[in-house]
Protein chains: 2
Amino acid sequence: MSDLAVQLPETNRRLDAIDRKILMVLQDDASLSVAEIGDRVGLSSTPCWKRIQRLEADGVILKRVALVDQNKIGLGISVFVSVESSDHSDAWLKKFAEAVSAMPEVMEFYRMAGDVDYMLRVVVADMQSYDVFYKKLISAVPLKNVTSRFAMEKIKSVTALPIPAVVAA
Amino acid sequence: MSDLAVQLPETNRRLDAIDRKILMVLQDDASLSVAEIGDRVGLSSTPCWKRIQRLEADGVILKRVALVDQNKIGLGISVFVSVESSDHSDAWLKKFAEAVSAMPEVMEFYRMAGDVDYMLRVVVADMQSYDVFYKKLISAVPLKNVTSRFAMEKIKSVTALPIPAVVAA
DNA sequence: CTCATTTTGAGAAACTTTTTCCATTCTGAG
DNA sequence: CTCAGAATGGAAAAAGTTTCTCAAAATGAG
């Protein structure tokens, strides 16, 4: 065996039109039975079940979750936080990434290109909680500039990715 | 019946510690059986099932979905878009909200307080697709200023809200 | 304490998922 | 074209889960 290629446990077939349909259905409603999904994508339950298993094994489907209403549990405030740093070392980033990732209020955290170095979406109950979070953030690692922008109204929020149509070969 | 209060179909009891635990578990893994969830929150399956049913009926649990890996389906680019408008009329907002909500690339869309009027998180396959999206956005309604910030690295992204501990009465 | 109300849990019925096994379709070498 | 081998599809049975029914236990107002 001189081949260097690692034998992956995944089936690395490209996603066909039916796989994409299954993903669209499951991104919208993961409580459907396999038979119902099969109906919608034009498959009986066994092959549909096998495709879903493969999509999970291949990591295309990451997990199944319940989505909770932010307001019903008293989390009224969403804040977009832009961060600029003067330290661009690996060590600084590692420490910052670890500290921020551990904060449950942070729902999204990206390293950016351009004027802003990092971007966070933070969810808290009220202004007082935001202040607690803010102090925690600025005391975690040295930061050059932090800008907080508060959301007044959530107009759209989805978890379903826009699955691209199959590209013709 | 002179009472003006509408009889809601919901049970409007406040969430207790067990309800919150159930929500934490389901936000992380909605593929667990009711018996397994019951075990984790200290309940047998029937009462656990009833609480989940109530949380769904009350709209605390909005839906159950599958989360898909953005990169595995070829959606490599995340963009945060800040929008400023010069028109602040209801009619303009209605048109803008409808146009943007209908765009599948837009995963989040908030009306903001402060310098930026709107904030969008957009997901696309490549720069060419972003340009198509951008042109679609600026041609939908008149906009004063649009700033696109590109994500280089997704450091954290979760759908699980930080469920606050029960406040002592 | 007593009663009405709410919450809980055991078990049975209905339904779903998962497995087994076989038929069909597709692919590419000869 | 023709065939072997692989991949995909499907029916039906087995295993597991959800959902429902009913009665016991807990709670709390009077």
# chains A, B, ... in the order shown; residues from 1 in each chain; ligands from 1
>>> interface_residues(of="chain A", to="chain B", cutoff="8 Å", atoms="only C-alpha atoms", output="PyMOL selection string")
chain A and resi 23+26-31+59-70+72-73+97+101+104-105+107-114+116+123+149-164
>>> residues_around(residues="DG9 (chain C)", least_positions_apart="2", cutoff="9 Å", atoms="only C-alpha atoms (C1' of nucleotides)", output="PDB file with N, CA and C atoms (P, O5', C5', C4', C3', O3' and C1' of nucleotides), in the first residue's frame")
ATOM      1  N   SER B  44     -39.983  10.735  34.437  1.00  0.00           N
ATOM      2  CA  SER B  44     -40.238   9.572  33.585  1.00  0.00           C
ATOM      3  C   SER B  44     -40.833  10.077  32.277  1.00  0.00           C
ATOM      4  N   SER B  45     -40.996   9.173  31.312  1.00  0.00           N
ATOM      5  CA  SER B  45     -41.276   9.676  29.964  1.00  0.00           C
ATOM      6  C   SER B  45     -42.613  10.392  29.781  1.00  0.00           C
ATOM      7  N   THR B  46     -43.692   9.946  30.432  1.00  0.00           N
ATOM      8  CA  THR B  46     -44.973  10.630  30.221  1.00  0.00           C
ATOM      9  C   THR B  46     -44.950  12.105  30.646  1.00  0.00           C
ATOM     10  N   PRO B  47     -44.595  12.422  31.893  1.00  0.00           N
ATOM     11  CA  PRO B  47     -44.568  13.853  32.252  1.00  0.00           C
ATOM     12  C   PRO B  47     -43.580  14.652  31.406  1.00  0.00           C
TER      13      PRO B  47
ATOM     14  P    DA D  24     -55.690   4.156  42.248  1.00  0.00           P
ATOM     15  O5'  DA D  24     -54.293   4.623  42.866  1.00  0.00           O
ATOM     16  C5'  DA D  24     -53.077   4.070  42.368  1.00  0.00           C
ATOM     17  C4'  DA D  24     -51.972   5.094  42.535  1.00  0.00           C
ATOM     18  C3'  DA D  24     -51.916   5.737  43.924  1.00  0.00           C
ATOM     19  O3'  DA D  24     -50.563   5.742  44.356  1.00  0.00           O
ATOM     20  C1'  DA D  24     -52.046   7.419  42.260  1.00  0.00           C
TER      21       DA D  24
END
>>> select_by_dssp(residues="region 6-163 of chain A", states="strand (DSSP E or B)", output="ChimeraX atom specification")
/A:61-68,77-84,106-112,118-124,145-157
>>> residues_around(residues="DT24 (chain C)", least_positions_apart="5", cutoff="12 Å", atoms="only C-alpha atoms (C1' of nucleotides)", output="list in words")
DA7, DT8, DG9 and DG10 of chain D
>>> write_last_selection(atoms="C-alpha atoms (C1' of nucleotides)", output="PDB file, in the first residue's frame")
ATOM      1  C1'  DA D   7     -25.279   1.251  -6.327  1.00  0.00           C
ATOM      2  C1'  DT D   8     -29.966   2.192  -5.456  1.00  0.00           C
ATOM      3  C1'  DG D   9     -34.670   1.122  -4.599  1.00  0.00           C
ATOM      4  C1'  DG D  10     -38.482  -1.289  -2.239  1.00  0.00           C
TER       5       DG D  10
END
>>> select_by_dssp(residues="region 29-110 of chain B", states="alpha helix (DSSP H)", output="ChimeraX atom specification")
/B:34-41,45-57,90-101
>>> write_last_selection(atoms="N, CA, C and O atoms", output="tab-separated table (two decimals), in the first residue's frame")
chain	number	residue	atom	x	y	z
B	34	VAL	N	-37.77	10.66	24.16
B	34	VAL	CA	-38.38	11.32	25.31
B	34	VAL	C	-37.89	10.68	26.62
B	34	VAL	O	-37.64	11.37	27.61
B	35	ALA	N	-37.72	9.36	26.60
B	35	ALA	CA	-37.24	8.65	27.80
B	35	ALA	C	-35.84	9.13	28.20
B	35	ALA	O	-35.58	9.36	29.39
B	36	GLU	N	-34.97	9.31	27.20
B	36	GLU	CA	-33.60	9.79	27.46
B	36	GLU	C	-33.62	11.22	28.02
B	36	GLU	O	-32.90	11.54	28.97
B	37	ILE	N	-34.46	12.07	27.45
B	37	ILE	CA	-34.57	13.44	27.95
B	37	ILE	C	-35.09	13.42	29.39
B	37	ILE	O	-34.57	14.10	30.26
B	38	GLY	N	-36.12	12.57	29.61
B	38	GLY	CA	-36.67	12.42	30.95
B	38	GLY	C	-35.58	12.05	31.95
B	38	GLY	O	-35.47	12.67	33.02
B	39	ASP	N	-34.77	11.07	31.61
B	39	ASP	CA	-33.65	10.67	32.46
B	39	ASP	C	-32.77	11.86	32.82
B	39	ASP	O	-32.43	12.06	33.99
B	40	ARG	N	-32.43	12.65	31.82
B	40	ARG	CA	-31.50	13.75	32.05
B	40	ARG	C	-32.08	14.87	32.91
B	40	ARG	O	-31.35	15.60	33.56
B	41	VAL	N	-33.41	15.01	32.88
B	41	VAL	CA	-34.02	16.10	33.66
B	41	VAL	C	-34.69	15.57	34.93
B	41	VAL	O	-35.25	16.35	35.69
B	45	SER	N	-41.00	9.17	31.31
B	45	SER	CA	-41.28	9.68	29.96
B	45	SER	C	-42.61	10.39	29.78
B	45	SER	O	-42.67	11.38	29.06
B	46	THR	N	-43.69	9.95	30.43
B	46	THR	CA	-44.97	10.63	30.22
B	46	THR	C	-44.95	12.11	30.65
B	46	THR	O	-45.27	12.98	29.83
B	47	PRO	N	-44.60	12.42	31.89
B	47	PRO	CA	-44.57	13.85	32.25
B	47	PRO	C	-43.58	14.65	31.41
B	47	PRO	O	-43.86	15.81	31.08
B	48	CYS	N	-42.48	14.03	31.04
B	48	CYS	CA	-41.51	14.73	30.19
B	48	CYS	C	-42.14	15.02	28.83
B	48	CYS	O	-42.04	16.14	28.32
B	49	TRP	N	-42.83	14.02	28.28
B	49	TRP	CA	-43.49	14.19	26.99
B	49	TRP	C	-44.54	15.30	27.07
B	49	TRP	O	-44.62	16.16	26.18
B	50	LYS	N	-45.33	15.30	28.15
B	50	LYS	CA	-46.36	16.33	28.29
B	50	LYS	C	-45.76	17.74	28.37
B	50	LYS	O	-46.30	18.69	27.81
B	51	ARG	N	-44.65	17.87	29.08
B	51	ARG	CA	-44.00	19.18	29.16
B	51	ARG	C	-43.49	19.63	27.79
B	51	ARG	O	-43.64	20.79	27.41
B	52	ILE	N	-42.93	18.70	27.03
B	52	ILE	CA	-42.45	19.05	25.69
B	52	ILE	C	-43.63	19.48	24.81
B	52	ILE	O	-43.55	20.48	24.10
B	53	GLN	N	-44.75	18.74	24.90
B	53	GLN	CA	-45.95	19.10	24.15
B	53	GLN	C	-46.41	20.51	24.52
B	53	GLN	O	-46.76	21.31	23.65
B	54	ARG	N	-46.39	20.81	25.81
B	54	ARG	CA	-46.83	22.14	26.24
B	54	ARG	C	-45.89	23.23	25.75
B	54	ARG	O	-46.33	24.28	25.29
B	55	LEU	N	-44.59	22.96	25.83
B	55	LEU	CA	-43.61	23.95	25.35
B	55	LEU	C	-43.81	24.21	23.86
B	55	LEU	O	-43.65	25.34	23.39
B	56	GLU	N	-44.21	23.18	23.11
B	56	GLU	CA	-44.47	23.37	21.68
B	56	GLU	C	-45.77	24.13	21.47
B	56	GLU	O	-45.83	25.06	20.66
B	57	ALA	N	-46.82	23.76	22.20
B	57	ALA	CA	-48.11	24.44	22.07
B	57	ALA	C	-48.01	25.91	22.45
B	57	ALA	O	-48.63	26.78	21.84
B	90	ASP	N	-43.00	54.16	6.66
B	90	ASP	CA	-43.53	52.80	6.83
B	90	ASP	C	-43.57	52.05	5.51
B	90	ASP	O	-43.27	50.86	5.44
B	91	ALA	N	-43.99	52.78	4.46
B	91	ALA	CA	-44.13	52.14	3.14
B	91	ALA	C	-42.78	51.63	2.65
B	91	ALA	O	-42.66	50.51	2.13
B	92	TRP	N	-41.75	52.47	2.81
B	92	TRP	CA	-40.40	52.06	2.37
B	92	TRP	C	-39.95	50.82	3.14
B	92	TRP	O	-39.51	49.83	2.56
B	93	LEU	N	-40.11	50.85	4.49
B	93	LEU	CA	-39.68	49.72	5.31
B	93	LEU	C	-40.42	48.44	4.92
B	93	LEU	O	-39.81	47.38	4.81
B	94	LYS	N	-41.73	48.58	4.68
B	94	LYS	CA	-42.52	47.41	4.30
B	94	LYS	C	-41.96	46.77	3.03
B	94	LYS	O	-41.75	45.57	2.97
B	95	LYS	N	-41.68	47.60	2.06
B	95	LYS	CA	-41.16	47.11	0.78
B	95	LYS	C	-39.77	46.48	0.96
B	95	LYS	O	-39.48	45.40	0.43
B	96	PHE	N	-38.93	47.17	1.72
B	96	PHE	CA	-37.57	46.67	1.96
B	96	PHE	C	-37.62	45.33	2.72
B	96	PHE	O	-36.98	44.36	2.33
B	97	ALA	N	-38.44	45.29	3.79
B	97	ALA	CA	-38.55	44.08	4.60
B	97	ALA	C	-39.04	42.91	3.76
B	97	ALA	O	-38.51	41.79	3.86
B	98	GLU	N	-40.02	43.15	2.90
B	98	GLU	CA	-40.55	42.07	2.07
B	98	GLU	C	-39.52	41.58	1.06
B	98	GLU	O	-39.35	40.38	0.87
B	99	ALA	N	-38.83	42.52	0.43
B	99	ALA	CA	-37.84	42.16	-0.59
B	99	ALA	C	-36.70	41.35	0.04
B	99	ALA	O	-36.33	40.28	-0.46
B	100	VAL	N	-36.19	41.84	1.16
B	100	VAL	CA	-35.04	41.17	1.80
B	100	VAL	C	-35.45	39.82	2.39
B	100	VAL	O	-34.73	38.84	2.28
B	101	SER	N	-36.64	39.77	3.02
B	101	SER	CA	-37.10	38.51	3.62
B	101	SER	C	-37.24	37.41	2.57
B	101	SER	O	-37.06	36.23	2.88
>>> residues_around(residues="DC3 (chain C)", least_positions_apart="6", cutoff="12 Å", atoms="only C-alpha atoms (C1' of nucleotides)", output="PDB file with N, CA and C atoms (P, O5', C5', C4', C3', O3' and C1' of nucleotides), in the first residue's frame")
ATOM      1  P    DT D  27     -45.045  18.282  46.502  1.00  0.00           P
ATOM      2  O5'  DT D  27     -46.184  19.374  46.307  1.00  0.00           O
ATOM      3  C5'  DT D  27     -46.534  19.812  44.976  1.00  0.00           C
ATOM      4  C4'  DT D  27     -47.783  20.659  45.052  1.00  0.00           C
ATOM      5  C3'  DT D  27     -47.771  21.714  46.169  1.00  0.00           C
ATOM      6  O3'  DT D  27     -47.852  22.991  45.553  1.00  0.00           O
ATOM      7  C1'  DT D  27     -49.851  20.595  46.058  1.00  0.00           C
ATOM      8  P    DG D  28     -47.534  24.349  46.363  1.00  0.00           P
ATOM      9  O5'  DG D  28     -48.835  25.254  46.158  1.00  0.00           O
ATOM     10  C5'  DG D  28     -49.933  24.819  45.339  1.00  0.00           C
ATOM     11  C4'  DG D  28     -51.245  25.251  45.952  1.00  0.00           C
ATOM     12  C3'  DG D  28     -51.142  26.239  47.124  1.00  0.00           C
ATOM     13  O3'  DG D  28     -52.327  27.027  47.118  1.00  0.00           O
ATOM     14  C1'  DG D  28     -52.238  24.360  47.866  1.00  0.00           C
ATOM     15  P    DA D  29     -52.355  28.585  47.313  1.00  0.00           P
ATOM     16  O5'  DA D  29     -53.923  28.940  47.367  1.00  0.00           O
ATOM     17  C5'  DA D  29     -54.784  28.404  46.334  1.00  0.00           C
ATOM     18  C4'  DA D  29     -56.171  28.156  46.931  1.00  0.00           C
ATOM     19  C3'  DA D  29     -56.638  29.222  47.912  1.00  0.00           C
ATOM     20  O3'  DA D  29     -58.031  29.483  47.679  1.00  0.00           O
ATOM     21  C1'  DA D  29     -56.615  27.087  48.982  1.00  0.00           C
ATOM     22  P    DG D  30     -58.815  30.618  48.416  1.00  0.00           P
ATOM     23  O5'  DG D  30     -59.625  29.873  49.557  1.00  0.00           O
ATOM     24  C5'  DG D  30     -60.661  28.945  49.190  1.00  0.00           C
ATOM     25  C4'  DG D  30     -61.127  28.222  50.425  1.00  0.00           C
ATOM     26  C3'  DG D  30     -61.495  29.143  51.592  1.00  0.00           C
ATOM     27  O3'  DG D  30     -62.853  28.977  51.954  1.00  0.00           O
ATOM     28  C1'  DG D  30     -60.087  27.355  52.319  1.00  0.00           C
TER      29       DG D  30
END
>>> interface_residues(of="chain C", to="chain A", cutoff="12 Å", atoms="only C-alpha atoms (C1' of nucleotides)", output="ChimeraX atom specification")
/C:15-20
>>> interface_residues(of="chain D", to="chain B", cutoff="12 Å", atoms="only C-alpha atoms (C1' of nucleotides)", output="list of chain:residue names")
D:DG16, D:DT17, D:DT18, D:DT19, D:DC20, D:DT21
>>> write_last_selection(atoms="C-alpha atoms (C1' of nucleotides)", output="PDB file, in the first residue's frame")
ATOM      1  C1'  DG D  16     -37.913   0.822  19.444  1.00  0.00           C
ATOM      2  C1'  DT D  17     -40.498   5.240  20.410  1.00  0.00           C
ATOM      3  C1'  DT D  18     -44.280   8.107  20.889  1.00  0.00           C
ATOM      4  C1'  DT D  19     -48.750   8.864  22.433  1.00  0.00           C
ATOM      5  C1'  DC D  20     -52.724   7.864  25.128  1.00  0.00           C
ATOM      6  C1'  DT D  21     -55.490   6.160  29.129  1.00  0.00           C
TER       7       DT D  21
END
>>> atom_distance(atom1="CA of Lys21 (chain B)", atom2="C1' of DA12 (chain C)")
28.9 Å
>>> decode(residues="chain C", atoms="N, CA, C and O atoms (P, O5', C5', C4', C3', O3' and C1' of nucleotides)", output="compact mmCIF listing (two decimals), in the first residue's frame")
# COMPACT_ATOMS: atom_id res chain seq x y z
P DC C 1 -53.51 16.98 59.68
O5' DC C 1 -55.02 17.42 59.53
C5' DC C 1 -56.02 16.91 60.41
C4' DC C 1 -57.34 17.27 59.78
C3' DC C 1 -57.73 16.41 58.58
O3' DC C 1 -59.15 16.20 58.65
C1' DC C 1 -57.54 18.68 57.88
P DT C 2 -59.90 15.11 57.63
O5' DT C 2 -60.32 16.03 56.41
C5' DT C 2 -61.30 17.06 56.57
C4' DT C 2 -61.67 17.63 55.20
C3' DT C 2 -61.80 16.59 54.09
O3' DT C 2 -62.93 16.95 53.31
C1' DT C 2 -60.21 18.22 53.46
P DC C 3 -63.65 15.87 52.27
O5' DC C 3 -63.69 16.70 50.90
C5' DC C 3 -64.10 18.07 50.92
C4' DC C 3 -63.38 18.81 49.80
C3' DC C 3 -63.44 18.11 48.45
O3' DC C 3 -64.12 18.96 47.53
C1' DC C 3 -61.22 18.84 48.96
P DA C 4 -64.55 18.40 46.06
O5' DA C 4 -63.57 19.25 45.13
C5' DA C 4 -63.57 20.68 45.24
C4' DA C 4 -62.37 21.23 44.49
C3' DA C 4 -62.27 20.80 43.04
O3' DA C 4 -61.98 21.96 42.26
C1' DA C 4 -60.26 20.25 44.19
P DT C 5 -61.86 21.90 40.66
O5' DT C 5 -60.27 21.89 40.48
C5' DT C 5 -59.47 22.90 41.14
C4' DT C 5 -58.00 22.58 40.91
C3' DT C 5 -57.65 22.17 39.49
O3' DT C 5 -56.71 23.11 38.97
C1' DT C 5 -56.63 20.72 41.08
P DT C 6 -56.13 23.01 37.46
O5' DT C 6 -54.69 22.37 37.73
C5' DT C 6 -53.85 22.90 38.77
C4' DT C 6 -52.68 21.95 39.00
C3' DT C 6 -51.96 21.52 37.70
O3' DT C 6 -50.59 21.88 37.85
C1' DT C 6 -52.42 19.64 39.10
P DT C 7 -49.52 21.66 36.70
O5' DT C 7 -48.81 20.31 37.13
C5' DT C 7 -48.19 20.22 38.41
C4' DT C 7 -47.76 18.78 38.64
C3' DT C 7 -46.97 18.17 37.48
O3' DT C 7 -45.69 17.79 37.96
C1' DT C 7 -48.64 16.68 38.24
P DT C 8 -44.61 17.06 37.06
O5' DT C 8 -44.89 15.54 37.40
C5' DT C 8 -44.69 15.04 38.73
C4' DT C 8 -45.15 13.60 38.80
C3' DT C 8 -44.45 12.67 37.82
O3' DT C 8 -43.56 11.84 38.55
C1' DT C 8 -46.81 12.26 37.91
P DG C 9 -42.44 10.99 37.72
O5' DG C 9 -43.22 9.61 37.48
C5' DG C 9 -43.72 8.90 38.60
C4' DG C 9 -44.54 7.72 38.12
C3' DG C 9 -43.86 6.89 37.04
O3' DG C 9 -43.97 5.53 37.41
C1' DG C 9 -46.04 7.49 36.34
P DA C 10 -43.02 4.40 36.87
O5' DA C 10 -44.06 3.23 36.50
C5' DA C 10 -45.10 2.90 37.43
C4' DA C 10 -46.15 2.03 36.76
C3' DA C 10 -45.62 1.02 35.75
O3' DA C 10 -46.31 -0.22 35.96
C1' DA C 10 -47.15 2.48 34.66
P DG C 11 -45.93 -1.52 35.10
O5' DG C 11 -46.93 -1.46 33.86
C5' DG C 11 -48.33 -1.46 34.09
C4' DG C 11 -49.06 -1.17 32.79
C3' DG C 11 -48.61 -2.04 31.60
O3' DG C 11 -49.77 -2.52 30.96
C1' DG C 11 -48.60 0.22 30.99
P DA C 12 -49.74 -3.75 29.91
O5' DA C 12 -50.85 -3.40 28.81
C5' DA C 12 -52.02 -2.64 29.12
C4' DA C 12 -52.42 -1.83 27.89
C3' DA C 12 -52.27 -2.56 26.56
O3' DA C 12 -53.44 -2.30 25.80
C1' DA C 12 -51.05 -0.55 26.49
P DA C 13 -53.66 -2.94 24.34
O5' DA C 13 -53.60 -1.71 23.34
C5' DA C 13 -54.38 -0.54 23.60
C4' DA C 13 -54.07 0.52 22.55
C3' DA C 13 -54.03 -0.01 21.12
O3' DA C 13 -54.71 0.93 20.31
C1' DA C 13 -51.94 0.99 21.68
P DA C 14 -54.76 0.77 18.70
O5' DA C 14 -53.65 1.81 18.22
C5' DA C 14 -53.80 3.20 18.51
C4' DA C 14 -52.64 3.95 17.91
C3' DA C 14 -52.43 3.67 16.42
O3' DA C 14 -52.32 4.93 15.77
C1' DA C 14 -50.40 3.31 17.63
P DC C 15 -52.11 5.00 14.15
O5' DC C 15 -50.55 5.33 14.07
C5' DC C 15 -50.01 6.34 14.93
C4' DC C 15 -48.51 6.23 14.94
C3' DC C 15 -47.87 6.19 13.56
O3' DC C 15 -47.07 7.35 13.46
C1' DC C 15 -46.86 4.61 15.04
P DT C 16 -46.32 7.79 12.09
O5' DT C 16 -44.82 7.98 12.60
C5' DT C 16 -44.36 7.12 13.58
C4' DT C 16 -42.86 7.13 13.70
C3' DT C 16 -42.06 7.24 12.41
O3' DT C 16 -40.91 8.02 12.71
C1' DT C 16 -41.76 5.07 13.39
P DT C 17 -39.65 8.15 11.72
O5' DT C 17 -38.69 6.96 12.20
C5' DT C 17 -38.20 6.99 13.54
C4' DT C 17 -37.36 5.75 13.81
C3' DT C 17 -36.09 5.61 12.97
O3' DT C 17 -35.08 5.24 13.90
C1' DT C 17 -37.39 3.64 12.80
P DT C 18 -33.52 5.23 13.46
O5' DT C 18 -33.27 3.73 12.99
C5' DT C 18 -33.30 2.71 13.98
C4' DT C 18 -33.31 1.37 13.30
C3' DT C 18 -32.20 1.14 12.27
O3' DT C 18 -31.34 0.17 12.82
C1' DT C 18 -34.28 0.23 11.57
P DT C 19 -30.05 -0.44 12.04
O5' DT C 19 -30.61 -1.83 11.47
C5' DT C 19 -31.22 -2.75 12.37
C4' DT C 19 -31.81 -3.92 11.59
C3' DT C 19 -30.87 -4.51 10.54
O3' DT C 19 -30.62 -5.86 10.89
C1' DT C 19 -33.06 -4.15 9.64
P DT C 20 -29.54 -6.74 10.06
O5' DT C 20 -30.44 -7.70 9.15
C5' DT C 20 -31.70 -8.20 9.61
C4' DT C 20 -32.46 -8.79 8.44
C3' DT C 20 -31.58 -9.41 7.35
O3' DT C 20 -32.04 -10.72 7.08
C1' DT C 20 -33.14 -7.92 6.39
P DC C 21 -31.15 -11.77 6.18
O5' DC C 21 -31.90 -11.74 4.77
C5' DC C 21 -33.34 -11.77 4.72
C4' DC C 21 -33.80 -11.30 3.36
C3' DC C 21 -32.93 -11.77 2.18
O3' DC C 21 -33.77 -12.41 1.24
C1' DC C 21 -33.36 -9.47 2.01
P DC C 22 -33.10 -13.38 0.10
O5' DC C 22 -33.70 -12.76 -1.24
C5' DC C 22 -35.08 -12.37 -1.27
C4' DC C 22 -35.25 -11.20 -2.22
C3' DC C 22 -34.60 -11.40 -3.60
O3' DC C 22 -35.59 -11.22 -4.59
C1' DC C 22 -34.12 -9.27 -2.75
P DA C 23 -35.30 -11.59 -6.14
O5' DA C 23 -35.77 -10.26 -6.88
C5' DA C 23 -36.99 -9.63 -6.48
C4' DA C 23 -37.04 -8.24 -7.11
C3' DA C 23 -36.65 -8.21 -8.58
O3' DA C 23 -37.54 -7.33 -9.24
C1' DA C 23 -35.18 -6.82 -7.33
P DT C 24 -37.47 -7.17 -10.83
O5' DT C 24 -36.74 -5.76 -11.01
C5' DT C 24 -37.28 -4.60 -10.37
C4' DT C 24 -36.26 -3.49 -10.46
C3' DT C 24 -35.79 -3.18 -11.88
O3' DT C 24 -36.21 -1.87 -12.19
C1' DT C 24 -33.98 -3.23 -10.34
P DT C 25 -36.04 -1.30 -13.67
O5' DT C 25 -34.73 -0.40 -13.50
C5' DT C 25 -34.69 0.59 -12.48
C4' DT C 25 -33.27 1.10 -12.36
C3' DT C 25 -32.65 1.58 -13.67
O3' DT C 25 -32.24 2.91 -13.46
C1' DT C 25 -31.15 0.17 -12.48
P DC C 26 -31.69 3.80 -14.66
O5' DC C 26 -30.12 3.79 -14.43
C5' DC C 26 -29.61 4.21 -13.16
C4' DC C 26 -28.14 3.86 -13.07
C3' DC C 26 -27.31 4.33 -14.26
O3' DC C 26 -26.30 5.18 -13.73
C1' DC C 26 -26.81 2.07 -13.70
P DT C 27 -25.34 6.02 -14.72
O5' DT C 27 -24.01 5.16 -14.76
C5' DT C 27 -23.46 4.65 -13.54
C4' DT C 27 -22.21 3.86 -13.84
C3' DT C 27 -21.45 4.32 -15.09
O3' DT C 27 -20.10 4.53 -14.74
C1' DT C 27 -21.88 1.97 -15.19
P DG C 28 -19.09 5.29 -15.72
O5' DG C 28 -18.05 4.16 -16.11
C5' DG C 28 -17.62 3.21 -15.13
C4' DG C 28 -17.13 1.97 -15.82
C3' DG C 28 -16.29 2.24 -17.09
O3' DG C 28 -15.27 1.24 -17.11
C1' DG C 28 -18.06 0.86 -17.65
P DA C 29 -13.89 1.45 -17.87
O5' DA C 29 -13.33 -0.03 -18.04
C5' DA C 29 -13.55 -1.00 -16.99
C4' DA C 29 -13.61 -2.39 -17.59
C3' DA C 29 -12.64 -2.62 -18.75
O3' DA C 29 -12.10 -3.94 -18.63
C1' DA C 29 -14.86 -2.94 -19.53
P DG C 30 -10.95 -4.45 -19.61
O5' DG C 30 -11.74 -5.34 -20.64
C5' DG C 30 -12.43 -6.51 -20.16
C4' DG C 30 -13.27 -7.07 -21.30
C3' DG C 30 -12.49 -7.31 -22.59
O3' DG C 30 -12.64 -8.66 -23.01
C1' DG C 30 -14.50 -6.11 -23.02
